[in-house]
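Novice: Before anything else, here's the structure in question.
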Amino acid sequence: MTKTGAQILWECLEREGVTHVFGYPGGAILPAYDALQHSKIHHVLVRHEQGATHMADGYARASGRVGVAVATSGPGATNMVTGIATAMMDSSPVVCITGQVGSKLIGSDAFQETDITGVTLPITKHNYLVTHAGDVARTLREAFYVAASGRPGPVLVDITKDAQQSSCEFDWEAAKPQLPGYRPDLSPTSEDYAKALKLIQEAKRPVIFAGHGVLISGAMSEVRELADRTGIPVTLTLLGLGAFPASHPLNLGMMGMHGEAWVNHTIQDADLIIALGMRFDDRVTGNLKTYAPKAKKIQVEIDPSEINKLVKVDVALIGDVREVLREMLPRLQPIDCSEWRGYIDGLKGDAAVRDIQNLPDSGHLYAAHVINDLWQETRGGDVVVVTDVGQHQMWEAQYFKHETPLSLITSGGLGTMGFALPAAIGAKVARPEAEVWVVVGDGGFQMTMAELATIVQEKLKINIAIINNGFLGMVRQWQEFFYERNYESTPLLSPNFAKLADAYGIRSAVVTQRSQVVPAVQSARKYDGPVLIDFQVEQEDSVYPMVAAGAALHEMIRRPNPLVETAEDE
Amino acid sequence: MLKTFVVHVENKPGVLTRVASLFRRRAFNIDSLTVGRTEKPEVSRMTIVVDADQDQARRIEASLYKLVNVLLVEDITDEPAISRDLAMIKVSAEHDQRSHVLQLVNIFRARVVDVAPESLIIEITGTEEKIDRLLEVLGPFGVLEMVRTGIVAMRRGAKSSTFPQAEDMDEITADSVDDENQSV
Ligand SMILES: Cc1cc2nc3c(=O)[nH]c(=O)nc-3n(C[C@H](O)[C@H](O)[C@H](O)COP(=O)(O)OP(=O)(O)OC[C@H]3O[C@@H](n4cnc5c(N)ncnc54)[C@H](O)[C@@H]3O)c2cc1C
Ligand SMILES: Cc1ncc(C[n+]2csc(CCOP(=O)(O)OP(=O)(O)O)c2C)c(N)n1
Ligand SMILES: [Mg+2]
């Protein structure tokens with residue numbers, strides 16, 4: 001059957017199971033938009049193409065399905081760059097479709113011509129320039145396959161205007177992917193398995209690391225079985241939160257720069273690390289020279305280029321976490337690490353005293369209170385929290401106890417401010433039944449708040465909690481600790497967020513006291529439209545513990561004893 | 001130490017850029033890179049020489065494999081292999097010097113490919129060391145211009161490189177960084 005490239009585009013997306021795309025039109029992509037009228041796909045009109053990519057990313061992270069973003073050439077495409085880099089760093093399956101000037105104009109500096117495949121080369125898993133209608137179908141099939149398989153990532157498909165307009169024979173079957181060099185399915189050798197099993201069975205002080213790869217692989221029950229069967233405690237990366245239930249007695253909590261103090265001490269004292277789908281980011285390890293010096297390391301990882309990149313491992317099991325664990329589980333025996341667990345429990349006791357959430361209400365509103373109360377109120381439900389980047393992101397990770405997978409979406413590797421609001425839109429579109437909460441700073445919110453209009457236009461029930469501390473808080477904290485409190489360019493003026501919400505027709509509330517947190521959350525949950533709550537919190541609070549950049553993992557800056565601090569305040 | 005990789009890639013536009021960009025982005029130092037056609041029209045072959053230790057070499061190999069258009073990567077550093085570089089050297093050769101230069105050309109089994117009143121162009125193929133040595137001895141005569149292709153390499157013996165073909169697709173179903181990272 002003869003079709004235009006534009007028609008083929010939508011038909012292929014439908015066949016790939018796409019129901020929603022996030023995009024913004026313009027000249028070079030107009031033929032595609034014109035053909036959209038005949039498609040069942042729903043187009044979400046964004047307010048900025050960065051938003052479209054974060055939405056596609058949020059959609060992917062909330063559902064595990066490929067998210068799709070669409071933009072025009074030139075500025076439309078370059079606006080996508082931040083969102084693509086964000087998805088790349090966190091291995092999120094996103095397909096970006098951009099219009100390009102006509103193939104005869106390429107290279108002539110035509111109006112709105114940008115070499116977007118060149119620009120995005122280092123920040124995509126793969127990208128394509130399509131100049132013939134006849135290549136559209138195969139390219140899209142390849143793009144979806146590459147984005148979602150192996151270690152997922154963003155793929156960009158740049159389609160010239162003439163390739164969208166011209167017609168050709170469309171045959172889905174014949175347009176099979178041709179990727180002779182692409183081999184996403186790898187598995188370990190039986191020797192590697194034997195070595196790993198031996199190390200586990202001999203360990204006295206082992207710890208399991210569960211990372212984002214566990215969620216990507218869907219290996220939650222396997223990880224749980226691994227812990228239950230062997231009795232080995234589990235710690236999570238930021239992107240792994242939800243991969244193992246927070247309430248499980250073997251769950252120690254988050255590791256790393258702002259991880260739990262006892263977890264970091266545990267890692268430094270461990271004799272075996274079993275790393276599952278995590279890549280030893282520098283926020284996780286601290287100084288590599290002093291990192292986990294006593295531990296042998298097993299790394300289960302789908303991407304061979306991650307092996308020995310930063311941390312040298314003793315055994316690498318290259319493959320999908322779920323498949324690797326399924327192979328290992330029947331061959332594992334319980335090991336006796338009760339002494340080790342007792343030791344870890346001892347480390348915990350000390351930290352609990354310093355926990356701000358246990359403080360009596362002193363009249364001050366701390367972000368920790370907001371997060372804790374939000375968690376308590378929404379417990380047990382199908383809740384997705386989407387956080388931005390900064391202090392509030394770390395407090396969410398510490399105080400919101402994630403029980404289930406895909407319940408936290410956050411930009412970890414790139415740390416992209418402005419991610420949360422658009423990513424939450426994508427998450428809500430992917431999982432309309434879920435309760436979606438945005439937890440965002442006053443700074444990051446102002447980077448992409450234009451997408452409030454998208455929420456309203458799409459009639460999405462999204463709850464927005466602004467943790468408003470009047471500062472670019474995380475940077476202020478660094479200035480406090482490392483730059484002699486020289487608060488240069490971090491105090492931040494904000495609009496009246498409640499009035500801003502009003503202007504969009506979004507319901508709003510302002511909270512300044514701890515006692516108001518629960519009622520505000522309850523009322524937002526009951527209301528069937530979007531709600532924005534401006535939580536005006538303590539301005540100069542800091543996130544503890546903190547491993548300073550370059551410090552050893554066990555050298556943490558700890559919260560000064562809060563009981564003393566509160567007494568001074570009064 | 002210098003590692004030699006033979007990289008078979010799909011013969012498609014932009015693949016060289018992807019490979020070069022990978023080395024730049026991961027801060028691996030390329031010593032030489034050549035690319036050319038092979039016995040299969042759909043495959044190009046690169047010979048890449050990099051300064052890397054054993055761990056880095058493994059990561060380079062794994063990173064190359066991550067490029068969708070890369071078909072096969074072989075580290076032939078420690079294998080019996082033939083490696084050749086080609087150079088063209090324009091050397092000044094006035095009348096009285098000419099016979100000395102020609103003598104050297106003979107000794108090195110090089111060839112004269114252009115003769116002008118005051119200069120010669122010499123073509124030489126061989127290992128990098130051999131070319132280095134010829135350059136050294138030609139130096140005193142005055143090297144006016146020089147260009148080298150970079151190394152191409154091939155494993156000795158009957159064993160040839162086997163790599164996946166497009167047909168296989170049907171089966172498819174679905175230096176340590178010690179510097180602290182001071183970014184917020
Ligand atoms: C302000 C700020 C502070 C931060 N502080 C911390 C902190 O204190 N602690 C912390 O943990 N993080 C912190 N982070 C996040 C950190 O930067 C990294 O993003 C995070 O640690 C990465 O987690 P990960 O390795 O689990 O996930 P990813 O970076 O997504 O890596 C996943 C790994 O799993 C592999 N993988 C994917 N799929 C599979 C599969 N099917 N099978 C096997 N392997 C697979 C991938 O190849 C990859 O290597 C912080 C970020 C910010 C912005
Ligand atoms: C796009 C972008 N620009 C700059 C930064 C550096 N940065 C990291 S955290 C932060 C402050 C965030 O402030 P805010 O959104 O108010 O959150 P808070 O830390 O106060 O909770 C900044 C500027 C970043 N991560 N992303
Ligand atoms: Mg702030």
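Ordered as shown in the structure tokens, chains take letters A, B, and onward, while each chain numbers its residues from 1 and ligands are numbered from 1 in the order shown.
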So which bits of segment 204-253 of chain A end up alpha helix (DSSP H) when you DSSP the backbone, as a list in words?

Specialist: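 DSSP-assigned alpha helix (DSSP H) residues in segment 204-253 of chain A: His212, Gly213, Val214, Leu215, Ile216, Ser217, Met220, Ser221, Glu222, Val223, Arg224, Glu225, Leu226, Ala227, Asp228, Arg229 and Thr230 of chain A.
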
Novice: Would you name the residues within 7 Å of ligand 3, counting only C-alpha atoms and all ligand atoms, and put them as a list of chain:residue names?

Specialist: A:Gly441, A:Asp442, A:Gly443, A:Ile467, A:Asn468, A:Asn469, A:Gly470, A:Phe471, A:Leu472, A:Gly473

Novice: When the cut-off is 9 Å and you count only C-alpha atoms and all ligand atoms, which residues lie near ligand 2, shown as JSON, numbers by chain?

Specialist: {"A": [82, 367, 388, 389, 390, 391, 392, 393, 394, 395, 414, 415, 416, 417, 418, 419, 440, 441, 442, 443, 444, 445, 446, 447, 466, 467, 468, 469, 470, 471, 472, 473, 474, 475, 476, 477, 490, 492, 539], "B": [183, 184]}

Novice: Deliver the residues from the most recent selection as a file, using C-alpha atoms, as a short mmCIF file (atom, residue, chain, number, x, y, z; two decimals), in the first residue's frame.

Specialist:
```cif
data_model
loop_
_atom_site.label_atom_id
_atom_site.label_comp_id
_atom_site.auth_asym_id
_atom_site.auth_seq_id
_atom_site.Cartn_x
_atom_site.Cartn_y
_atom_site.Cartn_z
CA THR A 82 18.78 18.51 28.02
CA ALA A 367 11.17 19.70 54.59
CA ASP A 388 13.41 17.49 41.01
CA VAL A 389 17.06 18.09 41.89
CA GLY A 390 18.41 19.54 45.09
CA GLN A 391 17.92 19.23 48.82
CA HIS A 392 14.25 18.32 48.57
CA GLN A 393 15.25 15.42 46.28
CA MET A 394 17.57 14.03 48.93
CA TRP A 395 15.04 14.52 51.75
CA LEU A 414 22.52 14.29 35.10
CA GLY A 415 20.76 15.95 38.03
CA THR A 416 18.55 18.02 35.77
CA MET A 417 16.67 20.80 37.53
CA GLY A 418 13.29 21.36 35.91
CA PHE A 419 12.81 17.62 35.35
CA VAL A 440 10.14 20.17 43.63
CA GLY A 441 12.27 23.07 44.85
CA ASP A 442 11.41 26.71 44.36
CA GLY A 443 14.36 26.93 41.96
CA GLY A 444 13.73 23.91 39.78
CA PHE A 445 9.99 24.57 39.62
CA GLN A 446 10.66 27.92 37.97
CA MET A 447 12.72 26.25 35.26
CA ILE A 466 6.89 22.97 46.24
CA ILE A 467 9.51 22.74 48.97
CA ASN A 468 10.04 26.47 49.12
CA ASN A 469 13.15 27.43 51.07
CA GLY A 470 13.89 30.71 49.34
CA PHE A 471 17.25 29.38 48.19
CA LEU A 472 18.92 27.28 45.57
CA GLY A 473 19.22 25.15 48.64
CA MET A 474 21.68 22.45 47.64
CA VAL A 475 24.13 25.02 46.28
CA ARG A 476 23.62 27.14 49.39
CA GLN A 477 24.49 24.09 51.47
CA THR A 490 21.67 31.44 45.80
CA LEU A 492 16.02 33.20 45.20
CA GLN A 539 15.39 28.33 54.83
CA SER B 183 29.37 19.32 40.72
CA VAL B 184 26.12 20.15 42.45
#
```

Novice: Using only C-alpha atoms and all ligand atoms, what does the table of chain A residues within 6 Å of ligand 1 look like, with each row giving the shortest atom pair and its distance in Å to one decimal, sorted by chain and ascending number, as JSON lines?

Specialist:
```
{"residue": "A:Asp90", "atom": "CA", "partner": "ligand 1", "partner_atom_place_in_ligand_line": "30 (O)", "distance": 4.1}
{"residue": "A:Ser91", "atom": "CA", "partner": "ligand 1", "partner_atom_place_in_ligand_line": "30 (O)", "distance": 5.3}
{"residue": "A:Arg151", "atom": "CA", "partner": "ligand 1", "partner_atom_place_in_ligand_line": "37 (C)", "distance": 4.7}
{"residue": "A:Gly211", "atom": "CA", "partner": "ligand 1", "partner_atom_place_in_ligand_line": "26 (O)", "distance": 3.2}
{"residue": "A:His212", "atom": "CA", "partner": "ligand 1", "partner_atom_place_in_ligand_line": "26 (O)", "distance": 3.8}
{"residue": "A:Gly213", "atom": "CA", "partner": "ligand 1", "partner_atom_place_in_ligand_line": "34 (O)", "distance": 3.6}
{"residue": "A:Ile216", "atom": "CA", "partner": "ligand 1", "partner_atom_place_in_ligand_line": "38 (N)", "distance": 5.1}
{"residue": "A:Ser217", "atom": "CA", "partner": "ligand 1", "partner_atom_place_in_ligand_line": "41 (N)", "distance": 3.8}
{"residue": "A:Thr237", "atom": "CA", "partner": "ligand 1", "partner_atom_place_in_ligand_line": "11 (O)", "distance": 3.3}
{"residue": "A:Leu238", "atom": "CA", "partner": "ligand 1", "partner_atom_place_in_ligand_line": "11 (O)", "distance": 4.0}
{"residue": "A:Leu239", "atom": "CA", "partner": "ligand 1", "partner_atom_place_in_ligand_line": "23 (O)", "distance": 4.6}
{"residue": "A:Gly240", "atom": "CA", "partner": "ligand 1", "partner_atom_place_in_ligand_line": "26 (O)", "distance": 5.0}
{"residue": "A:Met255", "atom": "CA", "partner": "ligand 1", "partner_atom_place_in_ligand_line": "9 (N)", "distance": 5.1}
{"residue": "A:Gly256", "atom": "CA", "partner": "ligand 1", "partner_atom_place_in_ligand_line": "9 (N)", "distance": 3.9}
{"residue": "A:Met257", "atom": "CA", "partner": "ligand 1", "partner_atom_place_in_ligand_line": "8 (O)", "distance": 3.7}
{"residue": "A:His258", "atom": "CA", "partner": "ligand 1", "partner_atom_place_in_ligand_line": "8 (O)", "distance": 3.7}
{"residue": "A:Gly259", "atom": "CA", "partner": "ligand 1", "partner_atom_place_in_ligand_line": "8 (O)", "distance": 4.7}
{"residue": "A:Gly277", "atom": "CA", "partner": "ligand 1", "partner_atom_place_in_ligand_line": "34 (O)", "distance": 3.4}
{"residue": "A:Met278", "atom": "CA", "partner": "ligand 1", "partner_atom_place_in_ligand_line": "25 (O)", "distance": 3.4}
{"residue": "A:Arg279", "atom": "CA", "partner": "ligand 1", "partner_atom_place_in_ligand_line": "25 (O)", "distance": 4.0}
{"residue": "A:Phe280", "atom": "CA", "partner": "ligand 1", "partner_atom_place_in_ligand_line": "25 (O)", "distance": 5.8}
{"residue": "A:Asp281", "atom": "CA", "partner": "ligand 1", "partner_atom_place_in_ligand_line": "21 (O)", "distance": 5.2}
{"residue": "A:Arg283", "atom": "CA", "partner": "ligand 1", "partner_atom_place_in_ligand_line": "6 (C)", "distance": 4.9}
{"residue": "A:Val284", "atom": "CA", "partner": "ligand 1", "partner_atom_place_in_ligand_line": "10 (C)", "distance": 4.9}
{"residue": "A:Val300", "atom": "CA", "partner": "ligand 1", "partner_atom_place_in_ligand_line": "43 (C)", "distance": 5.9}
{"residue": "A:Glu301", "atom": "CA", "partner": "ligand 1", "partner_atom_place_in_ligand_line": "44 (N)", "distance": 3.9}
{"residue": "A:Ile302", "atom": "CA", "partner": "ligand 1", "partner_atom_place_in_ligand_line": "44 (N)", "distance": 4.2}
{"residue": "A:Asp303", "atom": "CA", "partner": "ligand 1", "partner_atom_place_in_ligand_line": "47 (O)", "distance": 4.7}
{"residue": "A:Glu306", "atom": "CA", "partner": "ligand 1", "partner_atom_place_in_ligand_line": "49 (O)", "distance": 5.9}
{"residue": "A:Gly319", "atom": "CA", "partner": "ligand 1", "partner_atom_place_in_ligand_line": "43 (C)", "distance": 5.8}
{"residue": "A:Asp320", "atom": "CA", "partner": "ligand 1", "partner_atom_place_in_ligand_line": "42 (N)", "distance": 3.5}
{"residue": "A:Val321", "atom": "CA", "partner": "ligand 1", "partner_atom_place_in_ligand_line": "42 (N)", "distance": 4.0}
{"residue": "A:Val389", "atom": "CA", "partner": "ligand 1", "partner_atom_place_in_ligand_line": "53 (C)", "distance": 5.4}
{"residue": "A:Gly390", "atom": "CA", "partner": "ligand 1", "partner_atom_place_in_ligand_line": "1 (C)", "distance": 5.1}
{"residue": "A:Gly412", "atom": "CA", "partner": "ligand 1", "partner_atom_place_in_ligand_line": "19 (O)", "distance": 3.2}
{"residue": "A:Gly413", "atom": "CA", "partner": "ligand 1", "partner_atom_place_in_ligand_line": "19 (O)", "distance": 3.5}
{"residue": "A:Gly415", "atom": "CA", "partner": "ligand 1", "partner_atom_place_in_ligand_line": "53 (C)", "distance": 3.7}
```

Novice: Could you tell me which residues of chain A sit within 9 Å of chain B when counting only C-alpha atoms, and give me the result as number ranges by chain?

Specialist: A: 118, 121-122, 125-126, 145-146, 148-150, 176-185, 282-283, 286-289, 303-311, 390, 415, 474-475, 478, 548-551

Novice: I need the residues from that last selection saved to file as a short mmCIF file (atom, residue, chain, number, x, y, z; two decimals), in the first residue's frame (with C-alpha atoms), if you can.

Specialist:
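Resulting contents of selection.cif:
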```cif
data_model
loop_
_atom_site.label_atom_id
_atom_site.label_comp_id
_atom_site.auth_asym_id
_atom_site.auth_seq_id
_atom_site.Cartn_x
_atom_site.Cartn_y
_atom_site.Cartn_z
CA GLY A 118 25.65 15.56 15.15
CA LEU A 121 25.69 11.90 18.91
CA PRO A 122 27.30 11.60 22.36
CA LYS A 125 22.26 5.47 22.45
CA HIS A 126 21.95 5.75 18.68
CA TYR A 145 14.12 -1.90 19.49
CA VAL A 146 17.42 -0.21 20.32
CA ALA A 148 14.17 -0.56 24.86
CA SER A 149 16.58 -3.51 24.67
CA GLY A 150 19.80 -4.24 26.53
CA LYS A 176 12.50 -5.55 9.62
CA PRO A 177 15.28 -4.07 11.71
CA GLN A 178 18.73 -4.69 10.29
CA LEU A 179 21.15 -4.42 13.15
CA PRO A 180 23.88 -6.95 12.51
CA GLY A 181 26.27 -5.43 15.03
CA TYR A 182 23.80 -4.97 17.86
CA ARG A 183 23.83 -7.72 20.47
CA PRO A 184 21.95 -6.77 23.62
CA ASP A 185 21.54 -10.33 24.89
CA ASP A 282 30.75 9.03 42.14
CA ARG A 283 27.83 10.09 44.34
CA GLY A 286 33.03 8.85 47.44
CA ASN A 287 36.80 8.65 47.10
CA LEU A 288 37.61 5.55 45.07
CA LYS A 289 41.01 5.01 46.69
CA ASP A 303 26.68 -3.32 29.81
CA PRO A 304 30.24 -4.73 29.60
CA SER A 305 31.72 -1.23 29.35
CA GLU A 306 30.63 -0.60 32.95
CA ILE A 307 32.89 -3.37 34.26
CA ASN A 308 36.04 -2.07 35.97
CA LYS A 309 35.17 1.47 34.84
CA LEU A 310 35.60 2.97 38.30
CA VAL A 311 35.60 0.12 40.77
CA GLY A 390 18.41 19.54 45.09
CA GLY A 415 20.76 15.95 38.03
CA MET A 474 21.68 22.45 47.64
CA VAL A 475 24.13 25.02 46.28
CA TRP A 478 27.79 23.68 49.57
CA ALA A 548 31.95 15.78 50.74
CA ALA A 549 33.12 15.37 47.15
CA GLY A 550 36.43 13.54 47.24
CA ALA A 551 36.06 12.39 50.86
#
```

Novice: Enumerate, as a ChimeraX atom specification, the complete set of residues in segment 29-163 of chain B that a backbone-based DSSP assignment places in strand (DSSP E).

Specialist: /B:29-37,43-51,70-75,81-92,111-115,119-126,143-148,152-155

Novice: Separation of atom CA of Leu272 of chain A and atom CA of His554 of chain A, in Å?

Specialist: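 Rounded to one decimal, the two atoms are 16.8 Å apart.
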
Novice: Using only C-alpha atoms, determine which residues lie at most 8 Å from Ile97 of chain A, disregarding the query and same-chain residues fewer than 3 positions distant; provide the list as a list in words.

Specialist: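 Selected residues are Val68, Ala69, Val70, Ala71, Leu156, Val157, Asp158 and Ile159 of chain A.
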
Novice: Name all residues at most 12 Å from segment 109-116 of chain B (count only C-alpha atoms; drop same-chain ones fewer than 3 positions away) and give them as a PDB file with N, CA and C atoms, in the first residue's frame.

Specialist:
```pdb
ATOM      1  N   LEU B  86      52.105   3.455   5.277  1.00  0.00           N
ATOM      2  CA  LEU B  86      52.622   3.926   3.996  1.00  0.00           C
ATOM      3  C   LEU B  86      52.940   5.412   4.130  1.00  0.00           C
ATOM      4  N   ALA B  87      54.110   5.806   3.569  1.00  0.00           N
ATOM      5  CA  ALA B  87      54.460   7.222   3.630  1.00  0.00           C
ATOM      6  C   ALA B  87      54.866   7.723   2.259  1.00  0.00           C
ATOM      7  N   MET B  88      54.575   8.990   1.990  1.00  0.00           N
ATOM      8  CA  MET B  88      55.162   9.665   0.833  1.00  0.00           C
ATOM      9  C   MET B  88      56.026  10.788   1.394  1.00  0.00           C
ATOM     10  N   ILE B  89      57.252  10.807   0.923  1.00  0.00           N
ATOM     11  CA  ILE B  89      58.205  11.763   1.466  1.00  0.00           C
ATOM     12  C   ILE B  89      58.771  12.595   0.310  1.00  0.00           C
ATOM     13  N   LYS B  90      58.566  13.915   0.367  1.00  0.00           N
ATOM     14  CA  LYS B  90      59.178  14.787  -0.652  1.00  0.00           C
ATOM     15  C   LYS B  90      60.489  15.282  -0.067  1.00  0.00           C
ATOM     16  N   VAL B  91      61.586  14.889  -0.746  1.00  0.00           N
ATOM     17  CA  VAL B  91      62.885  15.224  -0.190  1.00  0.00           C
ATOM     18  C   VAL B  91      63.646  16.065  -1.208  1.00  0.00           C
ATOM     19  N   SER B  92      64.343  17.046  -0.729  1.00  0.00           N
ATOM     20  CA  SER B  92      65.083  17.890  -1.664  1.00  0.00           C
ATOM     21  C   SER B  92      66.327  17.115  -2.119  1.00  0.00           C
ATOM     22  N   ALA B  93      66.574  17.100  -3.421  1.00  0.00           N
ATOM     23  CA  ALA B  93      67.667  16.301  -3.962  1.00  0.00           C
ATOM     24  C   ALA B  93      68.281  17.050  -5.139  1.00  0.00           C
ATOM     25  N   GLU B  94      69.184  17.947  -4.835  1.00  0.00           N
ATOM     26  CA  GLU B  94      69.916  18.675  -5.884  1.00  0.00           C
ATOM     27  C   GLU B  94      70.791  17.663  -6.621  1.00  0.00           C
ATOM     28  N   HIS B  95      71.308  18.097  -7.737  1.00  0.00           N
ATOM     29  CA  HIS B  95      72.025  17.183  -8.615  1.00  0.00           C
ATOM     30  C   HIS B  95      73.066  16.335  -7.887  1.00  0.00           C
ATOM     31  N   ARG B  98      71.588  13.634  -5.368  1.00  0.00           N
ATOM     32  CA  ARG B  98      70.593  12.683  -5.858  1.00  0.00           C
ATOM     33  C   ARG B  98      71.012  11.217  -5.703  1.00  0.00           C
ATOM     34  N   VAL B 101      70.631   9.912  -2.199  1.00  0.00           N
ATOM     35  CA  VAL B 101      69.230   9.659  -1.844  1.00  0.00           C
ATOM     36  C   VAL B 101      68.766   8.354  -2.479  1.00  0.00           C
ATOM     37  N   LEU B 102      69.113   8.161  -3.756  1.00  0.00           N
ATOM     38  CA  LEU B 102      68.650   6.962  -4.447  1.00  0.00           C
ATOM     39  C   LEU B 102      69.220   5.687  -3.821  1.00  0.00           C
ATOM     40  N   GLN B 103      70.415   5.799  -3.330  1.00  0.00           N
ATOM     41  CA  GLN B 103      71.022   4.668  -2.631  1.00  0.00           C
ATOM     42  C   GLN B 103      70.176   4.269  -1.414  1.00  0.00           C
ATOM     43  N   LEU B 104      69.802   5.283  -0.664  1.00  0.00           N
ATOM     44  CA  LEU B 104      68.980   5.022   0.523  1.00  0.00           C
ATOM     45  C   LEU B 104      67.645   4.406   0.127  1.00  0.00           C
ATOM     46  N   VAL B 105      67.059   4.940  -0.940  1.00  0.00           N
ATOM     47  CA  VAL B 105      65.784   4.402  -1.425  1.00  0.00           C
ATOM     48  C   VAL B 105      65.932   2.909  -1.711  1.00  0.00           C
ATOM     49  N   ASN B 106      67.025   2.526  -2.312  1.00  0.00           N
ATOM     50  CA  ASN B 106      67.262   1.119  -2.621  1.00  0.00           C
ATOM     51  C   ASN B 106      67.416   0.285  -1.366  1.00  0.00           C
ATOM     52  N   SER B 119      63.846  17.982  -6.456  1.00  0.00           N
ATOM     53  CA  SER B 119      63.289  17.120  -5.402  1.00  0.00           C
ATOM     54  C   SER B 119      62.807  15.792  -5.960  1.00  0.00           C
ATOM     55  N   LEU B 120      62.588  14.871  -5.026  1.00  0.00           N
ATOM     56  CA  LEU B 120      62.025  13.565  -5.378  1.00  0.00           C
ATOM     57  C   LEU B 120      60.866  13.288  -4.422  1.00  0.00           C
ATOM     58  N   ILE B 121      59.895  12.503  -4.897  1.00  0.00           N
ATOM     59  CA  ILE B 121      58.918  11.961  -3.939  1.00  0.00           C
ATOM     60  C   ILE B 121      59.205  10.473  -3.799  1.00  0.00           C
ATOM     61  N   ILE B 122      59.367  10.065  -2.554  1.00  0.00           N
ATOM     62  CA  ILE B 122      59.667   8.668  -2.269  1.00  0.00           C
ATOM     63  C   ILE B 122      58.455   8.046  -1.607  1.00  0.00           C
ATOM     64  N   GLU B 123      58.102   6.853  -2.071  1.00  0.00           N
ATOM     65  CA  GLU B 123      56.998   6.129  -1.450  1.00  0.00           C
ATOM     66  C   GLU B 123      57.581   4.937  -0.706  1.00  0.00           C
ATOM     67  N   ILE B 124      57.161   4.757   0.518  1.00  0.00           N
ATOM     68  CA  ILE B 124      57.652   3.595   1.268  1.00  0.00           C
ATOM     69  C   ILE B 124      56.509   2.952   2.039  1.00  0.00           C
ATOM     70  N   THR B 125      56.503   1.630   2.011  1.00  0.00           N
ATOM     71  CA  THR B 125      55.520   0.868   2.778  1.00  0.00           C
ATOM     72  C   THR B 125      56.288   0.018   3.763  1.00  0.00           C
ATOM     73  N   GLY B 126      55.774  -0.117   4.971  1.00  0.00           N
ATOM     74  CA  GLY B 126      56.466  -0.976   5.920  1.00  0.00           C
ATOM     75  C   GLY B 126      55.957  -0.748   7.326  1.00  0.00           C
ATOM     76  N   LYS B 130      60.361   1.103  10.406  1.00  0.00           N
ATOM     77  CA  LYS B 130      61.148   1.192   9.179  1.00  0.00           C
ATOM     78  C   LYS B 130      60.999   2.591   8.570  1.00  0.00           C
ATOM     79  N   ILE B 131      59.775   3.086   8.545  1.00  0.00           N
ATOM     80  CA  ILE B 131      59.544   4.405   7.956  1.00  0.00           C
ATOM     81  C   ILE B 131      60.223   5.488   8.798  1.00  0.00           C
ATOM     82  N   LEU B 134      63.867   5.527   7.840  1.00  0.00           N
ATOM     83  CA  LEU B 134      64.130   6.176   6.550  1.00  0.00           C
ATOM     84  C   LEU B 134      64.057   7.693   6.716  1.00  0.00           C
ATOM     85  N   LEU B 135      63.053   8.128   7.452  1.00  0.00           N
ATOM     86  CA  LEU B 135      62.895   9.575   7.652  1.00  0.00           C
ATOM     87  C   LEU B 135      64.124  10.162   8.333  1.00  0.00           C
TER      88      LEU B 135
END
```

Novice: If I take atom CA of Ile344 of chain A and atom CA of Thr266 of chain A, how far is one from the other in Å, to one decimal?

Specialist: 6.5 Å

Novice: I'd like the interatomic distance between atom CA of Phe170 of chain A and atom CA of Ala35 of chain A, to a tenth of an Å.

Specialist: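 One can read the atom CA of Phe170 of chain A to atom CA of Ala35 of chain A distance as 15.2 Å.
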